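Structure file upload_22.csv with CSV, C-alpha atoms:
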```csv
chain,number,residue,atom,x,y,z
A,1,MET,CA,-116.6,74.7,47.4
A,2,LYS,CA,-115.9,75.9,44.0
A,3,LYS,CA,-112.8,77.8,45.2
A,4,ARG,CA,-111.5,74.6,46.8
A,5,LYS,CA,-111.9,72.7,43.5
A,6,LEU,CA,-110.1,75.4,41.6
A,7,LEU,CA,-107.3,75.4,44.2
A,8,LEU,CA,-107.1,71.6,44.0
A,9,LEU,CA,-107.0,71.8,40.2
A,10,GLY,CA,-104.3,74.4,40.3
A,11,MET,CA,-102.2,72.3,42.6
A,12,VAL,CA,-102.6,69.3,40.3
A,13,VAL,CA,-101.6,71.3,37.3
A,14,PHE,CA,-98.6,72.8,39.1
A,15,SER,CA,-97.6,69.4,40.3
A,16,VAL,CA,-97.8,68.0,36.8
A,17,LEU,CA,-95.8,71.0,35.4
A,18,LEU,CA,-93.2,70.7,38.1
A,19,THR,CA,-92.8,67.0,37.5
A,20,SER,CA,-92.6,67.6,33.7
A,21,PHE,CA,-90.0,70.4,34.1
A,22,SER,CA,-88.1,68.4,36.7
A,23,PHE,CA,-88.0,65.4,34.3
A,24,TYR,CA,-87.0,67.7,31.4
A,25,PHE,CA,-84.1,69.2,33.4
A,26,TYR,CA,-83.1,65.8,34.7
A,27,GLN,CA,-82.9,64.6,31.1
A,28,LEU,CA,-80.9,67.6,30.1
A,29,PHE,CA,-78.2,66.8,32.7
A,30,TYR,CA,-78.4,63.0,33.0
A,31,GLY,CA,-79.9,61.8,29.7
A,32,LYS,CA,-77.6,59.8,27.4
A,33,ASN,CA,-76.6,62.4,24.8
A,34,ILE,CA,-73.3,60.8,23.5
A,35,LEU,CA,-73.8,58.7,20.4
A,36,THR,CA,-70.9,56.4,21.0
A,37,GLN,CA,-73.1,53.3,21.4
A,38,THR,CA,-70.5,50.7,20.3
A,39,GLU,CA,-67.1,52.2,21.1
A,40,ASP,CA,-65.5,55.2,22.8
A,41,ARG,CA,-64.6,58.2,20.6
A,42,VAL,CA,-61.6,60.6,20.8
A,43,PHE,CA,-62.0,64.2,19.9
A,44,LEU,CA,-59.4,67.0,19.4
A,45,ILE,CA,-60.0,70.5,20.6
A,46,ASP,CA,-57.4,72.7,18.9
A,47,ASN,CA,-55.7,75.8,20.4
A,48,ASP,CA,-58.0,78.2,18.4
A,49,ASP,CA,-61.3,76.4,19.1
A,50,THR,CA,-64.1,78.2,20.8
A,51,PHE,CA,-67.2,76.8,22.5
A,52,ASP,CA,-69.3,77.2,19.4
A,53,SER,CA,-66.7,75.4,17.2
A,54,VAL,CA,-66.4,72.6,19.7
A,55,ARG,CA,-70.2,72.1,20.0
A,56,ASN,CA,-70.6,72.3,16.2
A,57,HIS,CA,-67.8,69.8,15.6
A,58,LEU,CA,-69.2,67.4,18.2
A,59,TYR,CA,-72.6,67.5,16.5
A,60,ASP,CA,-71.2,67.3,12.9
A,61,GLU,CA,-69.1,64.3,13.9
A,62,ARG,CA,-72.1,62.6,15.4
A,63,ILE,CA,-70.6,62.5,18.9
A,64,ILE,CA,-73.5,64.4,20.5
A,65,GLU,CA,-77.1,63.8,19.6
A,66,ASP,CA,-78.7,67.0,20.9
A,67,ALA,CA,-76.6,70.2,20.5
A,68,VAL,CA,-79.3,72.3,22.4
A,69,SER,CA,-79.2,70.3,25.6
A,70,PHE,CA,-75.4,70.1,25.4
A,71,SER,CA,-75.3,73.9,25.1
A,72,PHE,CA,-77.6,74.4,28.0
A,73,VAL,CA,-75.6,72.2,30.4
A,74,SER,CA,-72.4,73.8,29.2
A,75,LYS,CA,-73.6,77.3,30.0
A,76,ILE,CA,-74.9,76.3,33.4
A,77,LEU,CA,-71.4,75.0,34.2
A,78,ASP,CA,-69.6,78.0,32.6
A,79,TYR,CA,-67.9,75.8,30.1
A,80,PRO,CA,-68.0,78.4,27.2
A,81,GLU,CA,-65.5,80.4,29.1
A,82,LEU,CA,-63.3,77.4,30.1
A,83,VAL,CA,-62.6,75.6,26.8
A,84,LYS,CA,-59.3,73.8,27.1
A,85,PRO,CA,-57.4,72.3,24.1
A,86,GLY,CA,-56.4,68.7,24.0
A,87,VAL,CA,-57.6,65.2,23.0
A,88,TYR,CA,-60.6,63.9,25.0
A,89,ARG,CA,-62.3,60.6,25.1
A,90,PHE,CA,-66.1,60.4,25.0
A,91,LYS,CA,-67.2,57.1,26.6
A,92,LYS,CA,-70.2,55.0,25.6
A,93,GLN,CA,-73.6,56.5,26.7
A,94,MET,CA,-72.0,59.5,28.5
A,95,THR,CA,-74.4,62.1,29.9
A,96,ASN,CA,-74.2,65.8,29.1
A,97,LEU,CA,-73.1,66.4,32.7
A,98,GLU,CA,-70.3,63.9,32.5
A,99,ALA,CA,-69.1,65.1,29.1
A,100,VAL,CA,-69.1,68.8,30.1
A,101,ARG,CA,-67.4,68.2,33.4
A,102,MET,CA,-64.7,66.2,31.6
A,103,LEU,CA,-64.1,69.0,29.0
A,104,ARG,CA,-64.3,71.8,31.6
A,105,SER,CA,-61.7,70.1,33.9
A,106,GLY,CA,-59.3,69.5,30.9
A,107,GLU,CA,-59.3,65.7,31.6
A,108,GLN,CA,-57.4,64.8,28.5
A,109,PHE,CA,-56.9,61.4,26.9
A,110,PRO,CA,-53.2,60.6,26.2
A,111,VAL,CA,-52.1,60.2,22.6
A,112,ARG,CA,-49.4,57.7,21.5
A,113,ILE,CA,-46.0,58.6,20.0
A,114,THR,CA,-44.1,55.8,18.3
A,115,LEU,CA,-40.4,56.4,17.4
A,116,ASN,CA,-38.6,54.1,15.0
A,117,ASN,CA,-36.7,54.1,11.7
A,118,ILE,CA,-35.4,57.6,12.1
A,119,ARG,CA,-32.0,58.9,10.9
A,120,LEU,CA,-32.1,62.7,11.1
A,121,LYS,CA,-33.3,65.3,13.6
A,122,GLU,CA,-35.7,66.7,11.0
A,123,GLU,CA,-37.3,63.2,10.7
A,124,LEU,CA,-37.5,62.9,14.4
A,125,SER,CA,-39.1,66.3,14.9
A,126,LYS,CA,-41.8,65.6,12.4
A,127,LYS,CA,-42.6,62.1,13.7
A,128,ILE,CA,-42.6,63.0,17.4
A,129,THR,CA,-44.9,66.0,16.9
A,130,ALA,CA,-47.3,64.4,14.3
A,131,SER,CA,-50.1,63.7,16.8
A,132,ILE,CA,-49.6,66.5,19.3
A,133,GLY,CA,-49.9,70.2,19.4
A,134,ILE,CA,-46.2,71.1,19.0
A,135,ALA,CA,-45.0,72.5,15.6
A,136,SER,CA,-42.2,70.3,14.3
A,137,ASP,CA,-40.0,73.3,13.7
A,138,ALA,CA,-40.3,74.3,17.4
A,139,PHE,CA,-39.1,70.9,18.5
A,140,LEU,CA,-36.3,70.9,15.9
A,141,TYR,CA,-35.2,74.2,17.2
A,142,LEU,CA,-34.5,72.7,20.6
A,143,LEU,CA,-32.6,69.8,19.1
A,144,GLU,CA,-30.3,72.3,17.4
A,145,ASP,CA,-30.0,74.9,20.2
A,146,GLU,CA,-26.5,74.4,21.6
A,147,SER,CA,-27.2,76.5,24.8
A,148,PHE,CA,-30.4,74.7,25.6
A,149,LEU,CA,-28.7,71.2,25.1
A,150,ALA,CA,-25.7,72.2,27.2
A,151,ASN,CA,-28.0,72.4,30.2
A,152,TYR,CA,-28.4,68.6,29.8
A,153,GLU,CA,-24.7,67.9,28.8
A,154,LEU,CA,-25.8,67.2,25.2
A,155,THR,CA,-24.9,68.6,21.8
A,156,PRO,CA,-26.7,68.8,18.5
A,157,ASP,CA,-24.6,65.9,17.3
A,158,ASN,CA,-25.4,63.4,20.1
A,159,VAL,CA,-28.9,64.6,21.1
A,160,LEU,CA,-30.5,61.8,19.1
A,161,SER,CA,-29.0,59.3,21.6
A,162,ILE,CA,-31.7,60.2,24.2
A,163,PHE,CA,-34.6,59.1,22.1
A,164,ILE,CA,-35.1,55.4,22.7
A,165,PRO,CA,-37.3,53.9,20.0
A,166,ASN,CA,-40.5,52.8,21.6
A,167,THR,CA,-44.2,53.8,22.0
A,168,TYR,CA,-44.9,56.6,24.5
A,169,GLN,CA,-48.1,58.2,25.8
A,170,VAL,CA,-48.2,62.0,26.3
A,171,TYR,CA,-50.9,64.7,26.4
A,172,TRP,CA,-51.6,66.6,23.2
A,173,THR,CA,-50.9,69.9,25.0
A,174,ILE,CA,-47.4,68.9,26.2
A,175,SER,CA,-44.8,71.7,25.5
A,176,ALA,CA,-41.7,71.1,23.5
A,177,LYS,CA,-39.4,71.4,26.5
A,178,ALA,CA,-41.6,69.1,28.6
A,179,LEU,CA,-41.6,66.5,25.7
A,180,PHE,CA,-37.8,66.7,25.5
A,181,GLU,CA,-37.5,66.2,29.2
A,182,ARG,CA,-39.9,63.3,29.1
A,183,MET,CA,-37.7,61.6,26.5
A,184,LEU,CA,-34.6,62.3,28.6
A,185,GLN,CA,-36.4,60.7,31.6
A,186,GLU,CA,-37.1,57.6,29.5
A,187,TYR,CA,-33.4,57.5,28.4
A,188,ASN,CA,-32.2,57.8,32.0
A,189,ALA,CA,-34.6,55.0,33.0
A,190,PHE,CA,-33.2,52.8,30.3
A,191,TRP,CA,-29.6,53.4,31.5
A,192,ASN,CA,-29.9,51.6,34.8
A,193,GLU,CA,-26.9,50.6,36.9
A,194,GLU,CA,-26.5,47.3,35.2
A,195,ARG,CA,-26.3,48.8,31.7
A,196,LYS,CA,-24.0,51.6,32.9
A,197,GLN,CA,-21.6,49.0,34.3
A,198,LYS,CA,-21.6,47.0,31.1
A,199,ALA,CA,-20.8,50.2,29.1
A,200,GLU,CA,-18.0,51.1,31.5
A,201,ALA,CA,-16.5,47.6,31.1
A,202,LEU,CA,-16.4,48.2,27.4
A,203,GLY,CA,-14.7,51.6,27.9
A,204,LEU,CA,-17.7,53.4,26.5
A,205,SER,CA,-20.1,56.1,27.8
A,206,PRO,CA,-23.8,55.6,27.3
A,207,LEU,CA,-23.7,58.2,24.5
A,208,GLU,CA,-20.8,56.3,22.8
A,209,VAL,CA,-22.8,53.1,23.1
A,210,SER,CA,-25.6,54.8,21.2
A,211,ALA,CA,-23.3,56.0,18.5
A,212,LEU,CA,-21.9,52.5,18.0
A,213,ALA,CA,-25.3,50.9,18.3
A,214,ALA,CA,-26.6,53.1,15.5
A,215,ILE,CA,-23.8,51.8,13.2
A,216,VAL,CA,-24.5,48.2,14.2
A,217,GLN,CA,-28.2,48.7,13.5
A,218,GLU,CA,-27.6,50.2,10.0
A,219,GLU,CA,-25.2,47.4,9.1
A,220,SER,CA,-27.7,44.6,9.6
A,221,ILE,CA,-31.4,44.2,9.9
A,222,MET,CA,-30.8,40.7,11.4
A,223,GLY,CA,-31.1,41.1,15.1
A,224,GLU,CA,-29.3,37.9,15.9
A,225,GLU,CA,-26.2,39.0,13.9
A,226,ARG,CA,-25.8,42.3,15.7
A,227,PRO,CA,-23.8,41.1,18.7
A,228,THR,CA,-21.3,39.7,16.2
A,229,ILE,CA,-21.1,43.0,14.4
A,230,ALA,CA,-20.8,44.9,17.7
A,231,GLY,CA,-17.9,42.6,18.8
A,232,LEU,CA,-16.2,43.3,15.4
A,233,TYR,CA,-16.3,47.1,15.8
A,234,LEU,CA,-15.2,46.9,19.5
A,235,ASN,CA,-12.2,44.8,18.2
A,236,ARG,CA,-11.4,47.6,15.8
A,237,LEU,CA,-11.7,50.3,18.4
A,238,GLU,CA,-9.4,48.3,20.7
A,239,LYS,CA,-6.8,47.9,18.0
A,240,ASP,CA,-7.1,51.7,17.2
A,241,MET,CA,-8.2,50.9,13.7
A,242,LEU,CA,-10.5,53.0,11.5
A,243,LEU,CA,-14.1,51.6,11.9
A,244,GLN,CA,-14.6,51.9,8.1
A,245,ALA,CA,-18.4,51.4,8.4
A,246,ASP,CA,-20.2,51.9,5.2
A,247,PRO,CA,-23.4,53.4,6.8
A,248,THR,CA,-21.3,56.3,8.1
A,249,VAL,CA,-20.3,57.2,4.6
A,250,LYS,CA,-23.9,57.3,3.4
A,251,TYR,CA,-24.7,59.5,6.4
A,252,ALA,CA,-21.8,61.8,5.8
A,253,MET,CA,-22.9,62.2,2.1
A,254,GLY,CA,-26.5,62.6,3.1
A,255,ASP,CA,-27.5,60.0,0.5
A,256,PHE,CA,-29.1,56.8,1.9
A,257,SER,CA,-30.0,55.5,-1.5
A,258,ILE,CA,-26.4,54.3,-2.1
A,259,THR,CA,-26.2,50.5,-2.2
A,260,ARG,CA,-22.6,50.2,-3.3
A,261,VAL,CA,-20.0,52.3,-1.4
A,262,LEU,CA,-17.4,53.2,-3.9
A,263,THR,CA,-13.8,54.2,-2.9
A,264,LYS,CA,-14.4,57.8,-4.0
A,265,TYR,CA,-17.3,58.0,-1.5
A,266,THR,CA,-15.0,57.0,1.3
A,267,GLN,CA,-12.9,60.2,0.7
A,268,VAL,CA,-15.7,62.6,1.7
A,269,ASP,CA,-14.3,65.0,4.4
A,270,ASN,CA,-16.9,64.7,7.1
A,271,PRO,CA,-16.4,63.8,10.8
A,272,TYR,CA,-19.1,61.1,10.5
A,273,ASN,CA,-17.0,59.3,7.8
A,274,THR,CA,-15.3,56.5,9.7
A,275,TYR,CA,-13.2,55.7,6.7
A,276,LYS,CA,-11.4,59.0,7.2
A,277,TYR,CA,-11.7,59.7,10.9
A,278,LYS,CA,-10.7,57.3,13.7
A,279,GLY,CA,-13.0,56.4,16.5
A,280,LEU,CA,-16.7,56.7,16.8
A,281,PRO,CA,-18.6,59.5,15.0
A,282,PRO,CA,-19.7,62.6,16.9
A,283,GLY,CA,-23.2,61.1,17.4
A,284,PRO,CA,-25.6,58.3,16.3
A,285,ILE,CA,-26.3,58.1,12.6
A,286,SER,CA,-29.8,56.9,13.4
A,287,LEU,CA,-32.0,56.2,16.4
A,288,PRO,CA,-30.5,52.9,17.7
A,289,SER,CA,-33.2,50.3,18.7
A,290,ILE,CA,-33.1,48.6,22.1
A,291,ASN,CA,-32.0,45.5,20.2
A,292,ALA,CA,-29.0,47.3,18.8
A,293,LEU,CA,-28.1,48.9,22.1
A,294,GLU,CA,-28.3,45.5,23.9
A,295,ALA,CA,-26.1,44.0,21.1
A,296,VAL,CA,-23.3,46.5,21.9
A,297,LEU,CA,-23.7,46.0,25.7
A,298,ASN,CA,-23.6,42.2,25.2
A,299,PRO,CA,-21.2,41.8,22.3
A,300,GLU,CA,-20.0,38.4,21.0
A,301,GLU,CA,-16.4,37.7,21.7
A,302,HIS,CA,-14.4,36.7,18.7
A,303,GLY,CA,-11.4,37.8,16.6
A,304,TYR,CA,-13.2,39.3,13.6
A,305,ILE,CA,-12.2,42.7,12.3
A,306,TYR,CA,-13.7,42.5,8.8
A,307,MET,CA,-17.2,42.0,7.5
A,308,CYS,CA,-18.8,41.9,4.1
A,309,ALA,CA,-22.4,41.4,3.0
A,310,LYS,CA,-23.2,37.9,1.8
A,311,GLU,CA,-23.5,37.5,-2.0
A,312,ASP,CA,-26.9,36.0,-1.7
A,313,PHE,CA,-28.4,39.3,-0.5
A,314,SER,CA,-29.9,37.6,2.4
A,315,GLY,CA,-29.0,40.5,4.7
A,316,TYR,CA,-26.4,38.4,6.5
A,317,HIS,CA,-22.7,38.9,6.5
A,318,ARG,CA,-19.4,37.0,6.2
A,319,PHE,CA,-16.9,37.8,8.9
A,320,ALA,CA,-13.1,37.5,8.7
A,321,GLU,CA,-10.1,37.8,10.9
A,322,THR,CA,-7.6,38.4,8.1
A,323,TRP,CA,-7.3,40.7,5.2
A,324,THR,CA,-6.8,37.8,2.8
A,325,GLU,CA,-10.0,36.1,3.9
A,326,HIS,CA,-11.9,39.4,3.8
A,327,ASN,CA,-10.8,40.1,0.2
A,328,ARG,CA,-12.1,36.7,-0.8
A,329,ASN,CA,-15.5,37.5,0.8
A,330,ALA,CA,-15.5,41.0,-0.8
A,331,ARG,CA,-14.9,39.6,-4.3
A,332,LEU,CA,-17.9,37.3,-3.9
A,333,PHE,CA,-20.1,40.2,-3.0
A,334,GLN,CA,-18.7,42.5,-5.7
A,335,ARG,CA,-19.3,39.8,-8.4
A,336,ALA,CA,-22.9,39.5,-7.2
A,337,LEU,CA,-23.4,43.3,-7.4
A,338,ASN,CA,-22.0,43.3,-10.9
A,339,ASN,CA,-24.3,40.5,-12.0
A,340,ARG,CA,-27.2,42.5,-10.8
A,341,LYS,CA,-25.8,45.6,-12.4
A,342,ILE,CA,-25.6,47.5,-9.2
A,343,TYR,CA,-22.9,50.1,-9.7
A,344,ARG,CA,-23.9,52.7,-7.0
```
As a first step, turn the structure in this file into structure tokens.
Amino acid sequence: MKKRKLLLLGMVVFSVLLTSFSFYFYQLFYGKNILTQTEDRVFLIDNDDTFDSVRNHLYDERIIEDAVSFSFVSKILDYPELVKPGVYRFKKQMTNLEAVRMLRSGEQFPVRITLNNIRLKEELSKKITASIGIASDAFLYLLEDESFLANYELTPDNVLSIFIPNTYQVYWTISAKALFERMLQEYNAFWNEERKQKAEALGLSPLEVSALAAIVQEESIMGEERPTIAGLYLNRLEKDMLLQADPTVKYAMGDFSITRVLTKYTQVDNPYNTYKYKGLPPGPISLPSINALEAVLNPEEHGYIYMCAKEDFSGYHRFAETWTEHNRNARLFQRALNNRKIYR
């Protein structure tokens, strides 16, 4: 009888311990250990991170509540040997099991890249790699590598054409070549048959449209005025005239602080200087926006071949069909510059 009581007691104790341990292990795997109670959190694992650094950063940044249980589940799932770099999103009230499985599988959260207001390849390289794991110098190398670009029928001069200003989503671990090809894919998607036909009707290739659109964009921040400006430059191209676009002079000189293009500046010997060389420059002098590209593809038809900024500094321009009319407009603007003591 006594033995039966002891056996029964032992079974009860074992049952309690088994239940306790089962509950404990259940909590380790399925308990809510992610502290993102109000919103999801993103977390970067760098190329040189180890499991210990990942766990410590997660704890220090208050993403995980219990580092011990996170470590236990990670070791059970062999995550310490499978750490993958990238940006990951921890969702509200995630369990250890869900978090470790996400990290172990490399299920990254995409980051955003926004391209706008860029003139030079160096600027582009820094901006496009700012939130991903590519060194800006590595991407710049591709943009200047003639043999690499030749595979895509591009050159260091016209390569900026393929980067359409917009916001894109990519993974942090994307390679420089893959990122370049992703941008080329977006460029090819933009140049659908309708746009290609419009460019052909103007006698321009898509790359030439980009070169002209960059000039149009730099000439005016007023989107509604750009089709007029595009029509003006197309008129000059048709008449085999020099484009004489002031923004190309600033680009040729490498000085974008110039507000008054003097005659001596227009003499700089540079293929981008459209006061000295006929036709379009070798490539775009900035990343033309979709608005500027559309302005070239849908130009306003008129007889203008001259333009001058308005003397009220509104950002708009006066347009003219004759040299006499243009000189009158130019004097108004030059007088306004002098009154403001703007001599450069």
task: Determine, counting all atoms listed in the file, every residue of protein, DNA or RNA that lies within 12 Å of (-57.9, 73.0, 17.9) in the file coordinates, then give the result as a PyMOL selection string.
output: chain A and resi 43-51+53-54+57+83-88+132-134+172-173
field: Contacts of segment 277-292 of chain A at 7 Å (only C-alpha atoms; same-chain gap of 5+ positions) as a list in words
entry: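 Returned residues: Asn117, Ile118, Arg119, Leu120, Asp157, Asn158, Leu160, Ser161, Phe163, Ile164, Pro165, Ser210, Ala211, Leu212, Ala213, Ala214, Ile215, Val216, Gln217, Gly223, Arg226, Leu237, Met241, Leu242, Leu243, Thr248, Tyr251, Pro271 and Tyr272 of chain A.
With atom CA of Gly231 of chain A on one side and atom CA of His302 of chain A on the other, the separation reads 6.9 Å.
What separates atom CA of Phe139 of chain A from atom CA of Leu124 of chain A is a distance of 9.1 Å.
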field: Counting all atoms listed in the file, the residue of A:Leu202, A:Ala336, A:Val296, A:Leu262 that sits nearest Asp312 of chain A
entry: A:Ala336
- prompt: So which one's closest to Val42 of chain A, A:Leu97, A:Ala178, A:Ile229, A:Val111? Using all atoms listed in the file, please.
  reply: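 Checking each candidate against Val42 of chain A, we get A:Val111 as the closest.
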field: Residues within 6 Å of segment 304-307 of chain A, all atoms listed in the file, excluding chain neighbours under 4 positions, as a ChimeraX atom specification
entry: /A:232,318-321
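Atom pair atom CA of Arg340 of chain A / atom CA of Gln244 of chain A has a distance of 24.6 Å (rounded to one decimal).
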task: Mind checking which residues fall within 8 Å of Ala245 of chain A, counting all atoms listed in the file, ignoring those fewer than 4 positions away in the same chain, and posting them as a list in words?
output: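 Answer for this query is Ile215, Glu219, Val249, Thr274 and Tyr275 of chain A.
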task: Using all atoms listed in the file, pick whichever of A:Leu143, A:Thr129, A:Asp40, A:Ala309 has the shortest atom-to-atom distance to His326 of chain A.
output: A:Ala309
message: From (-29.7, 38.2, 4.7), in the file's coordinates, out to 12 Å: which residues are reached, counting only C-alpha atoms? Answer as a ChimeraX atom specification.
response: /A:219-225,308-318
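Among the candidates A:Ile342, A:Pro299, A:Asp240, A:Asn329, the residue lying nearest to Arg260 of chain A is A:Ile342 (atoms considered: all atoms listed in the file).
Nearest to Ala201 of chain A of all the residues A:Asn298, A:Ser74, A:Thr322, A:Gln93 is A:Asn298, counting all atoms listed in the file.
Of the listed residues (A:Thr167, A:Gln334, A:Asn273, A:Asn188), A:Asn188 comes nearest to Pro206 of chain A; the distances count all atoms listed in the file.
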- prompt: Contacts of Glu39 of chain A at 12 Å or less, counting only C-alpha atoms, minus same-chain residues fewer than 4 places along, as a PyMOL selection string?
  reply: chain A and resi 34-35+63+89-94
- request: May I have the residues within 7 Å of Glu146 of chain A as a list of chain:residue names, using all atoms listed in the file and disregarding those fewer than 3 positions away in the same chain?
  value: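 Counting only the stated atoms, we get A:Leu149, A:Ala150, A:Thr155, A:Pro156.
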Sorted by chain and rising residue number, list the residues of segment 168-264 of chain A at most 12 Å from segment 98-110 of chain A (counting only C-alpha atoms), each with its closest atom pair and distance in Å to one decimal, as CSV.
```
residue,atom,partner,partner_atom,distance
A:Tyr168,CA,A:Pro110,CA,9.4
A:Gln169,CA,A:Pro110,CA,5.7
A:Val170,CA,A:Pro110,CA,5.2
A:Tyr171,CA,A:Pro110,CA,4.7
A:Trp172,CA,A:Pro110,CA,6.9
A:Thr173,CA,A:Gln108,CA,9.0
A:Ile174,CA,A:Pro110,CA,10.1
```
